[in-house]
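Structure file final.txt with compact mmCIF, C-alpha atoms:
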```txt
# COMPACT_ATOMS: atom_id res chain seq x y z
CA MET W 1 28.86 -53.21 -181.55
CA SER W 2 25.49 -52.06 -180.24
CA LYS W 3 24.87 -51.81 -176.56
CA GLU W 4 21.71 -53.30 -175.11
CA HIS W 5 19.37 -50.66 -173.76
CA TYR W 6 18.83 -51.04 -170.00
CA VAL W 7 15.40 -50.45 -168.56
CA SER W 8 15.00 -50.33 -164.80
CA GLU W 9 12.46 -52.80 -163.47
CA ALA W 10 11.94 -50.76 -160.24
CA PRO W 11 8.42 -49.34 -159.90
CA PHE W 12 8.02 -45.71 -160.82
CA ASP W 13 7.83 -43.42 -157.77
CA PRO W 14 6.42 -39.98 -158.63
CA GLN W 15 7.05 -38.82 -155.07
CA SER W 16 10.83 -39.02 -155.61
CA ILE W 17 10.67 -36.40 -158.38
CA GLU W 18 8.50 -34.17 -156.20
CA ARG W 19 10.96 -34.49 -153.31
CA MET W 20 13.87 -33.64 -155.62
CA THR W 21 12.01 -30.65 -157.03
CA ALA W 22 11.04 -29.48 -153.55
CA GLY W 23 14.67 -29.69 -152.44
CA GLN W 24 15.80 -27.60 -155.42
CA GLU W 25 13.08 -25.03 -154.78
CA GLN W 26 14.09 -24.84 -151.12
CA TYR W 27 17.68 -24.09 -152.13
CA TYR W 28 16.93 -21.52 -154.84
CA MET W 29 14.28 -19.74 -152.74
CA ALA W 30 16.29 -19.74 -149.50
CA SER W 31 17.32 -16.45 -147.94
CA ARG W 32 20.95 -15.35 -147.87
CA ARG W 33 21.12 -15.97 -144.12
CA ARG W 34 19.92 -19.55 -144.54
CA LEU W 35 22.39 -20.21 -147.35
CA ILE W 36 25.25 -18.95 -145.18
CA TRP W 37 24.12 -21.18 -142.32
CA TRP W 38 23.93 -24.27 -144.57
CA LYS W 39 27.45 -23.67 -145.86
CA LEU W 40 28.83 -22.89 -142.41
CA LYS W 41 27.47 -26.18 -141.06
CA ARG W 42 29.60 -28.06 -143.59
CA HIS W 43 32.71 -26.39 -142.14
CA LYS W 44 33.03 -28.73 -139.15
CA LEU W 45 36.07 -27.03 -137.61
CA ALA W 46 34.32 -23.66 -137.68
CA VAL W 47 31.22 -25.16 -136.06
CA TRP W 48 33.25 -26.71 -133.25
CA CYS W 49 35.14 -23.45 -132.71
CA GLY W 50 31.85 -21.57 -132.66
CA ALA W 51 30.59 -23.95 -129.97
CA ILE W 52 33.77 -23.33 -127.94
CA LEU W 53 33.31 -19.57 -128.24
CA PHE W 54 29.65 -19.84 -127.24
CA MET W 55 30.58 -21.92 -124.20
CA MET W 56 33.41 -19.61 -123.10
CA TYR W 57 31.30 -16.48 -123.45
CA GLY W 58 28.48 -18.29 -121.65
CA THR W 59 30.74 -18.92 -118.66
CA THR W 60 31.34 -15.17 -118.30
CA LEU W 61 27.67 -14.78 -117.32
CA ILE W 62 28.05 -17.08 -114.31
CA SER W 63 31.74 -16.77 -113.40
CA GLU W 64 30.91 -16.46 -109.70
CA TRP W 65 29.04 -19.77 -109.73
CA ILE W 66 31.75 -21.67 -111.63
CA ALA W 67 34.72 -20.48 -109.54
CA PRO W 68 35.05 -22.47 -106.29
CA TYR W 69 36.53 -19.42 -104.50
CA TYR W 70 36.17 -15.67 -104.69
CA TYR W 71 39.04 -14.37 -106.83
CA GLN W 72 40.53 -12.29 -103.98
CA THR W 73 40.28 -14.98 -101.29
CA ARG W 74 43.72 -15.68 -99.81
CA HIS W 75 44.88 -18.96 -98.29
CA THR W 76 47.97 -17.92 -96.39
CA GLY W 77 48.79 -21.51 -95.48
CA HIS W 78 48.91 -22.58 -99.12
CA ILE W 79 51.18 -20.07 -100.86
CA TYR W 80 52.45 -21.40 -104.22
CA SER W 81 50.53 -24.63 -103.69
CA PRO W 82 50.79 -26.92 -106.76
CA PRO W 83 47.65 -28.13 -108.58
CA GLN W 84 45.70 -30.85 -106.81
CA GLN W 85 44.80 -33.73 -109.09
CA LEU W 86 41.15 -34.71 -109.38
CA HIS W 87 40.37 -38.38 -108.68
CA LEU W 88 37.34 -40.64 -108.96
CA PHE W 89 38.64 -43.93 -107.51
CA HIS W 90 40.31 -44.57 -104.16
CA GLU W 91 41.97 -47.96 -103.65
CA GLY W 92 39.96 -49.42 -106.53
CA GLU W 93 36.63 -48.15 -105.24
CA PHE W 94 34.58 -45.47 -106.97
CA ILE W 95 33.71 -42.74 -104.49
CA GLY W 96 33.09 -39.77 -106.79
CA PRO W 97 35.19 -36.66 -107.50
CA PHE W 98 37.73 -35.92 -104.77
CA VAL W 99 41.24 -34.63 -104.16
CA TYR W 100 43.94 -35.79 -101.77
CA GLY W 101 44.81 -33.33 -99.05
CA ASN W 102 48.36 -31.98 -98.88
CA ASP W 103 50.87 -32.30 -96.07
CA THR W 104 53.03 -29.16 -95.79
CA ARG W 105 56.65 -29.16 -94.75
CA LEU W 106 59.51 -26.67 -94.88
CA ASN W 107 62.57 -27.55 -96.96
CA MET W 108 65.51 -26.40 -94.83
CA GLU W 109 67.85 -26.33 -97.84
CA THR W 110 65.73 -24.09 -100.09
CA LEU W 111 63.65 -22.57 -97.28
CA GLY W 112 60.60 -23.19 -99.43
CA ARG W 113 57.31 -24.88 -98.70
CA GLU W 114 56.74 -28.35 -100.07
CA TYR W 115 53.29 -29.87 -100.52
CA VAL W 116 53.00 -33.65 -100.53
CA PRO W 117 49.65 -35.36 -101.32
CA ASN W 118 48.49 -37.59 -98.45
CA PRO W 119 46.52 -40.65 -99.72
CA GLU W 120 44.85 -40.91 -96.33
CA LYS W 121 43.21 -37.50 -96.71
CA VAL W 122 40.34 -38.19 -99.08
CA GLU W 123 38.47 -34.92 -99.50
CA LYS W 124 35.27 -35.32 -101.53
CA LEU W 125 34.01 -32.34 -103.44
CA ARG W 126 30.63 -30.75 -102.75
CA PHE W 127 28.28 -29.70 -105.51
CA PHE W 128 25.68 -26.91 -105.59
CA CYS W 129 26.97 -25.70 -102.27
CA SER W 130 27.65 -22.61 -100.17
CA GLY W 131 31.17 -21.21 -100.20
CA ASP W 132 32.93 -17.86 -100.40
CA SER W 133 30.62 -14.87 -100.36
CA TYR W 134 30.57 -12.54 -103.36
CA LYS W 135 28.40 -10.00 -105.20
CA PHE W 136 26.95 -11.49 -108.37
CA TRP W 137 27.94 -9.05 -111.15
CA GLY W 138 28.77 -6.62 -108.34
CA MET W 139 25.11 -6.26 -107.36
CA VAL W 140 23.54 -9.23 -105.53
CA ARG W 141 25.17 -10.78 -102.47
CA SER W 142 25.37 -14.58 -102.64
CA ASP W 143 27.55 -17.57 -101.70
CA PHE W 144 26.31 -20.18 -104.21
CA HIS W 145 28.88 -22.25 -106.15
CA PHE W 146 28.58 -25.20 -108.51
CA VAL W 147 31.45 -26.99 -106.77
CA CYS W 148 33.19 -26.48 -103.43
CA PRO W 149 35.95 -28.26 -101.51
CA ALA W 150 35.12 -30.48 -98.57
CA GLU W 151 34.48 -28.72 -95.29
CA GLY W 152 37.77 -27.55 -93.80
CA SER W 153 39.82 -28.64 -96.84
CA THR W 154 41.09 -27.10 -100.07
CA MET W 155 40.66 -27.66 -103.79
CA PHE W 156 43.27 -25.95 -105.97
CA LEU W 157 42.81 -27.52 -109.41
CA LEU W 158 45.38 -25.17 -111.01
CA GLY W 159 47.41 -24.30 -107.89
CA THR W 160 47.77 -20.97 -106.09
CA ASP W 161 49.82 -17.81 -106.57
CA ARG W 162 52.22 -15.89 -104.32
CA LEU W 163 49.35 -14.73 -102.09
CA GLY W 164 47.65 -18.12 -101.86
CA ARG W 165 44.81 -17.22 -104.26
CA ASP W 166 43.22 -20.02 -106.29
CA LEU W 167 44.43 -19.71 -109.89
CA PHE W 168 41.43 -21.50 -111.43
CA SER W 169 39.03 -19.05 -109.79
CA ARG W 170 41.09 -16.08 -110.93
CA ILE W 171 41.23 -17.37 -114.53
CA THR W 172 37.45 -17.83 -114.46
CA TYR W 173 36.88 -14.28 -113.23
CA GLY W 174 39.51 -12.91 -115.62
CA ALA W 175 37.74 -14.46 -118.61
CA ARG W 176 34.84 -12.06 -118.11
CA ILE W 177 37.09 -9.00 -118.39
CA SER W 178 39.30 -10.21 -121.24
CA LEU W 179 36.46 -11.54 -123.39
CA LEU W 180 34.13 -8.59 -122.82
CA ILE W 181 36.91 -6.12 -123.70
CA GLY W 182 37.25 -7.79 -127.10
CA LEU W 183 33.48 -7.80 -127.61
CA GLY W 184 32.99 -4.21 -126.44
CA GLY W 185 35.95 -3.00 -128.44
CA ILE W 186 34.70 -4.54 -131.68
CA ILE W 187 31.28 -2.90 -131.22
CA VAL W 188 32.90 0.57 -131.02
CA SER W 189 35.33 -0.28 -133.82
CA LEU W 190 32.49 -1.58 -136.01
CA PHE W 191 30.52 1.62 -135.50
CA LEU W 192 33.50 3.84 -136.39
CA GLY W 193 34.48 1.70 -139.37
CA LEU W 194 30.96 1.73 -140.83
CA LEU W 195 30.57 5.46 -140.17
CA PHE W 196 33.82 6.69 -141.72
CA GLY W 197 33.99 4.00 -144.40
CA GLY W 198 30.37 4.64 -145.37
CA LEU W 199 30.88 8.39 -145.67
CA ALA W 200 34.07 7.98 -147.71
CA GLY W 201 32.59 5.36 -150.03
CA TYR W 202 29.26 7.03 -150.67
CA TYR W 203 30.23 10.67 -151.01
CA GLY W 204 33.78 10.33 -152.36
CA GLY W 205 35.58 13.57 -153.23
CA TRP W 206 37.08 15.57 -150.39
CA VAL W 207 35.27 13.46 -147.78
CA ASP W 208 37.01 10.36 -149.11
CA SER W 209 40.37 12.17 -149.15
CA VAL W 210 40.04 13.31 -145.52
CA VAL W 211 39.05 9.84 -144.29
CA GLN W 212 41.81 8.18 -146.27
CA ARG W 213 44.49 10.53 -144.92
CA LEU W 214 43.19 9.99 -141.37
CA THR W 215 43.39 6.22 -141.69
CA GLU W 216 46.87 6.42 -143.18
CA ILE W 217 48.10 8.58 -140.28
CA ILE W 218 46.68 6.16 -137.71
CA ARG W 219 48.09 3.08 -139.48
CA SER W 220 51.53 4.69 -139.80
CA PHE W 221 52.14 4.56 -136.04
CA PRO W 222 53.59 1.34 -134.55
CA GLU W 223 50.64 -0.35 -132.90
CA LEU W 224 52.07 -1.58 -129.59
CA PRO W 225 54.04 1.60 -128.70
CA LEU W 226 50.96 3.69 -129.49
CA TRP W 227 48.83 1.44 -127.25
CA MET W 228 51.38 1.82 -124.48
CA ALA W 229 51.51 5.61 -124.85
CA LEU W 230 47.72 6.00 -124.76
CA SER W 231 47.34 3.55 -121.87
CA ALA W 232 49.94 5.46 -119.84
CA ILE W 233 47.72 8.55 -120.09
CA LEU W 234 44.99 6.87 -118.03
CA PRO W 235 45.11 8.27 -114.48
CA VAL W 236 46.18 5.80 -111.80
CA THR W 237 43.42 7.19 -109.58
CA TRP W 238 40.70 5.86 -111.89
CA SER W 239 38.52 3.04 -110.64
CA PRO W 240 38.94 -0.41 -112.23
CA LEU W 241 35.64 0.08 -114.08
CA LEU W 242 36.83 3.33 -115.69
CA ILE W 243 40.13 1.72 -116.66
CA PHE W 244 38.16 -1.13 -118.22
CA PHE W 245 36.20 1.30 -120.40
CA GLY W 246 39.35 3.30 -121.14
CA ILE W 247 41.24 0.26 -122.44
CA THR W 248 38.18 -0.75 -124.51
CA VAL W 249 37.99 2.67 -126.16
CA ILE W 250 41.75 2.76 -126.82
CA LEU W 251 41.67 -0.62 -128.56
CA ALA W 252 38.63 0.39 -130.60
CA LEU W 253 40.05 3.75 -131.70
CA LEU W 254 43.07 2.05 -133.25
CA ASP W 255 41.32 -0.91 -134.90
CA TRP W 256 38.60 0.66 -137.08
CA THR W 257 40.82 1.69 -139.98
CA GLY W 258 40.98 -1.70 -141.70
CA LEU W 259 37.21 -2.14 -141.60
CA ALA W 260 36.68 1.44 -142.84
CA ARG W 261 38.81 0.77 -145.92
CA SER W 262 36.90 -2.43 -146.65
CA VAL W 263 33.55 -0.65 -146.33
CA ARG W 264 34.77 2.23 -148.53
CA SER W 265 35.88 -0.06 -151.36
CA LYS W 266 32.58 -1.95 -151.32
CA LEU W 267 30.46 1.20 -151.33
CA LEU W 268 32.45 2.74 -154.17
CA ALA W 269 31.47 -0.25 -156.30
CA LEU W 270 27.87 -0.63 -155.12
CA ARG W 271 26.82 3.02 -155.25
CA GLU W 272 26.80 2.88 -159.06
CA GLU W 273 24.39 -0.07 -159.19
CA ASP W 274 20.94 0.43 -160.68
CA TYR W 275 19.04 -0.21 -157.45
CA CYS W 276 21.09 2.47 -155.67
CA THR W 277 20.45 4.96 -158.47
CA ALA W 278 16.73 4.14 -158.36
CA ALA W 279 16.59 4.73 -154.63
CA ARG W 280 18.36 8.08 -155.06
CA LEU W 281 15.95 9.15 -157.80
CA MET W 282 12.98 8.22 -155.62
CA GLY W 283 14.19 10.71 -153.02
CA ALA W 284 15.79 8.38 -150.47
CA ARG W 285 18.25 10.08 -148.16
CA PRO W 286 21.94 9.01 -148.16
CA GLY W 287 21.63 7.51 -144.68
CA ARG W 288 18.73 5.32 -145.77
CA ILE W 289 20.46 4.26 -148.98
CA ILE W 290 23.59 3.23 -147.11
CA LYS W 291 21.69 1.48 -144.32
CA ARG W 292 18.92 -0.25 -146.28
CA HIS W 293 20.47 -0.89 -149.70
CA LEU W 294 24.28 -0.83 -149.58
CA LEU W 295 25.36 -2.31 -146.25
CA PRO W 296 23.13 -5.44 -146.46
CA GLY W 297 24.88 -6.30 -149.71
CA PHE W 298 28.08 -7.19 -147.87
CA ALA W 299 26.91 -7.51 -144.25
CA SER W 300 28.23 -11.06 -144.06
CA HIS W 301 31.74 -9.85 -144.98
CA ILE W 302 31.53 -7.21 -142.25
CA ILE W 303 30.56 -9.87 -139.69
CA ALA W 304 33.47 -12.07 -140.77
CA SER W 305 35.92 -9.15 -140.56
CA ALA W 306 34.64 -8.21 -137.11
CA THR W 307 35.00 -11.80 -135.93
CA LEU W 308 38.62 -11.87 -137.05
CA SER W 309 39.33 -8.53 -135.31
CA ILE W 310 38.26 -9.64 -131.83
CA PRO W 311 41.39 -11.80 -131.23
CA GLY W 312 43.59 -8.76 -131.88
CA MET W 313 41.77 -6.79 -129.21
CA ILE W 314 42.03 -9.62 -126.69
CA LEU W 315 45.76 -9.89 -127.40
CA GLY W 316 46.07 -6.11 -127.10
CA GLU W 317 44.50 -6.08 -123.62
CA THR W 318 46.62 -9.06 -122.59
CA ALA W 319 49.81 -7.38 -123.80
CA LEU W 320 49.05 -4.06 -122.09
CA SER W 321 48.14 -5.72 -118.80
CA PHE W 322 51.19 -7.98 -119.03
CA LEU W 323 53.37 -4.86 -119.38
CA GLY W 324 51.62 -3.21 -116.45
CA LEU W 325 50.00 -0.49 -118.59
CA GLY W 326 46.52 -1.96 -118.91
CA LEU W 327 44.19 -3.23 -116.24
CA ARG W 328 45.59 -3.22 -112.72
CA PRO W 329 44.77 -5.11 -109.51
CA PRO W 330 42.36 -5.52 -107.77
CA ILE W 331 40.60 -6.08 -111.10
CA THR W 332 41.76 -9.29 -112.75
CA SER W 333 42.13 -10.39 -116.38
CA TRP W 334 44.25 -12.92 -118.23
CA GLY W 335 46.84 -10.21 -118.87
CA VAL W 336 46.96 -9.26 -115.19
CA LEU W 337 47.48 -12.92 -114.27
CA LEU W 338 50.31 -13.29 -116.79
CA ASN W 339 51.90 -10.13 -115.38
CA GLU W 340 52.62 -12.11 -112.22
CA ALA W 341 54.54 -14.69 -114.27
CA GLN W 342 57.13 -12.30 -115.72
CA ASN W 343 59.95 -13.54 -113.51
CA ILE W 344 61.50 -16.56 -115.20
CA ASN W 345 62.79 -17.85 -111.88
CA VAL W 346 59.27 -17.89 -110.47
CA VAL W 347 57.97 -19.69 -113.57
CA ALA W 348 60.76 -22.26 -113.31
CA LEU W 349 59.83 -23.03 -109.69
CA TYR W 350 56.06 -22.66 -110.05
CA PRO W 351 55.22 -23.46 -113.71
CA TRP W 352 51.46 -23.45 -113.10
CA LEU W 353 51.54 -19.63 -112.92
CA ILE W 354 51.81 -19.54 -116.72
CA LEU W 355 48.57 -21.51 -117.17
CA PRO W 356 46.52 -18.34 -117.93
CA VAL W 357 48.15 -18.36 -121.37
CA VAL W 358 46.22 -21.55 -122.24
CA PRO W 359 42.73 -19.95 -122.48
CA VAL W 360 44.28 -17.04 -124.42
CA VAL W 361 45.66 -19.46 -127.03
CA ILE W 362 42.38 -21.40 -127.18
CA ILE W 363 40.20 -18.32 -127.66
CA ILE W 364 42.50 -16.84 -130.32
CA LEU W 365 42.59 -20.09 -132.33
CA ALA W 366 38.82 -20.54 -131.97
CA PHE W 367 38.13 -17.02 -133.24
CA ASN W 368 40.52 -17.43 -136.17
CA PHE W 369 39.07 -20.78 -137.30
CA PHE W 370 35.49 -19.60 -136.78
CA GLY W 371 36.22 -16.38 -138.68
CA ASP W 372 37.75 -18.33 -141.57
CA GLY W 373 34.67 -20.55 -141.78
CA LEU W 374 32.33 -17.57 -141.59
CA ARG W 375 34.29 -15.77 -144.29
CA ASP W 376 34.06 -18.81 -146.59
CA ALA W 377 30.34 -19.12 -145.93
CA ALA W 378 29.77 -15.39 -146.53
CA ASP W 379 29.52 -16.06 -150.27
CA PRO W 380 27.25 -19.13 -150.37
CA TYR W 381 26.90 -19.06 -154.15
CA LYS W 382 30.53 -20.02 -154.74
```
Starting from the coordinates I provided, produce the structure as structure tokens.
Amino acid sequence: MSKEHYVSEAPFDPQSIERMTAGQEQYYMASRRRLIWWKLKRHKLAVWCGAILFMMYGTTLISEWIAPYYYQTRHTGHIYSPPQQLHLFHEGEFIGPFVYGNDTRLNMETLGREYVPNPEKVEKLRFFCSGDSYKFWGMVRSDFHFVCPAEGSTMFLLGTDRLGRDLFSRITYGARISLLIGLGGIIVSLFLGLLFGGLAGYYGGWVDSVVQRLTEIIRSFPELPLWMALSAILPVTWSPLLIFFGITVILALLDWTGLARSVRSKLLALREEDYCTAARLMGARPGRIIKRHLLPGFASHIIASATLSIPGMILGETALSFLGLGLRPPITSWGVLLNEAQNINVVALYPWLILPVVPVVIIILAFNFFGDGLRDAADPYK
């Protein structure tokens, strides 16, 4: 039974074919970077995690402005004060962001302080205000804050510790140290991985054997005990800044081996390609061949690997500081803050002291999801 031929009665639009052709040309003529970006945008979870990472690293630039208090400011009258809840309405009326002031009393049975919110103490927050004095990035003296408590009152959004220091302010300051250690460590690790992996993959022979044996020796040691041993070597007389750089170097020296092996395997395959042979015959030096011809061929994979390595460095610093072998007071980081929550009895009585683990979990998950999306987008032709 024959089928009737269908002819569309819609008017012919030559512009639609041109638009379709232009879209195909735009795709086939796009650069590798643009193709990766187009594919990454379709990975919604990775995009959201990338936005979270961008925001968290952005806060490290202005930690002093975000924190309502200086991280070493003590409030001796508010030791182990619980978090104060933020409110917008009082008795059904909108009055803006505020907290209720606390009434303090001594429990004669436990001999502990108790803080009871007083609904009659409405303490409105101040914005773009003057508060605790500090040195912006340790250089410029200032007292500007985005938000401050009302005059003569307090605002402890995440409670206080055993010395009466605001936990939210200390977490904000600690983010700068913990996040920058991961970023600084991956820069050093990336340099070492590309250097040793590039030499082993391009030259091969005895150079490859030496690099391979070195990586195997380093990877044979248990990671955490080796971190602890190297961190214990750091002199206790060092300044917090030197300890910061010391921990960064230690984490980097133990994390480059995986990247070096990946670079070596890629170069072993790519060095036999025709374009590499042509460059060698034209007199290009090995450094130029590796830098201009070989590394760009899998640069996206290197970026993805580096992104997935940063969480390990952040966890390494947190673990060392938690064990008392990393950063030490007066410098603060998320690991230093968690070190104060080691006593289970203290955590049971004052559970808000364990809140610094929340940003650690968020940043690790964000890096992992963003790294997965970046790794999938690294090969846009699939």
Excluding range 118-130 of chain W and residues on its chain fewer than 6 positions from it, collect all residues at most 12 Å away from it, counting all atoms listed in the file, and give them as number ranges by chain.
-> W: 64-70, 84-91, 94-104, 142-157
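Residues surrounding Val188 in chain W within 7 Å are Gly184, Leu192 and Ala252 of chain W [only C-alpha atoms; sequence separation below 4 positions excluded].
The protein and nucleic acid residues lying at most 8 Å from range 351-366 of chain W are Ala46, Cys49, Gly50, Ile52, Leu53, Pro82, Pro83, Leu158, Gly159, Thr160, Asp161, Leu167, Ile171, Pro311, Leu315, Trp334, Leu337, Leu338, Glu340, Ala341, Val346, Val347, Ala348, Phe369 and Phe370 of chain W, with all atoms listed in the file considered and sequence neighbours fewer than 3 positions away removed.
Nearest to Thr215 in chain W of all the residues W:Val249, W:Ala229, W:Ala260, W:Ile181 is W:Ala260, based on only C-alpha atoms.
Coordinates place CA of Leu294 in chain W at a distance of 20.7 Å from CA of Asp376 in chain W.
Once Ala377 in chain W and its same-chain neighbours fewer than 2 positions away are set aside, Arg32, Arg33, Arg34, Leu35, Ile36, Trp37, Trp38, Lys39, Leu40, Lys41, Arg42, His43, Ala46, Val47, Ser300, His301, Ile303, Ala304, Phe370, Gly371, Asp372, Gly373, Leu374, Arg375, Asp379, Pro380, Tyr381 and Lys382 of chain W remain within 12 Å of it when counting only C-alpha atoms.
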Here CA of Ile218 in chain W and CA of Phe244 in chain W stand apart by 22.5 Å
CA of His78 in chain W to CA of Gly164 in chain W: how many Å, to one decimal?
-> 5.4 Å
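Here the question is which of W:Arg74, W:Arg219, W:Arg285, W:Arg162 gets nearest to Trp256 in chain W using all atoms listed in the file, and that residue is W:Arg219.
Using only C-alpha atoms, the smallest distance between any of W:Phe367, W:Ala200, W:Trp48, W:Pro117 and Gly312 in chain W comes from W:Phe367.
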As lines of an AutoDock Vina configuration file: centre and edge lengths in Å, one decimal, of the axis-aligned box holding range 291-295 of chain W with 8 Å per side:
```
center_x = 22.1
center_y = -0.4
center_z = -147.0
size_x = 22.4
size_y = 19.8
size_z = 21.4
```
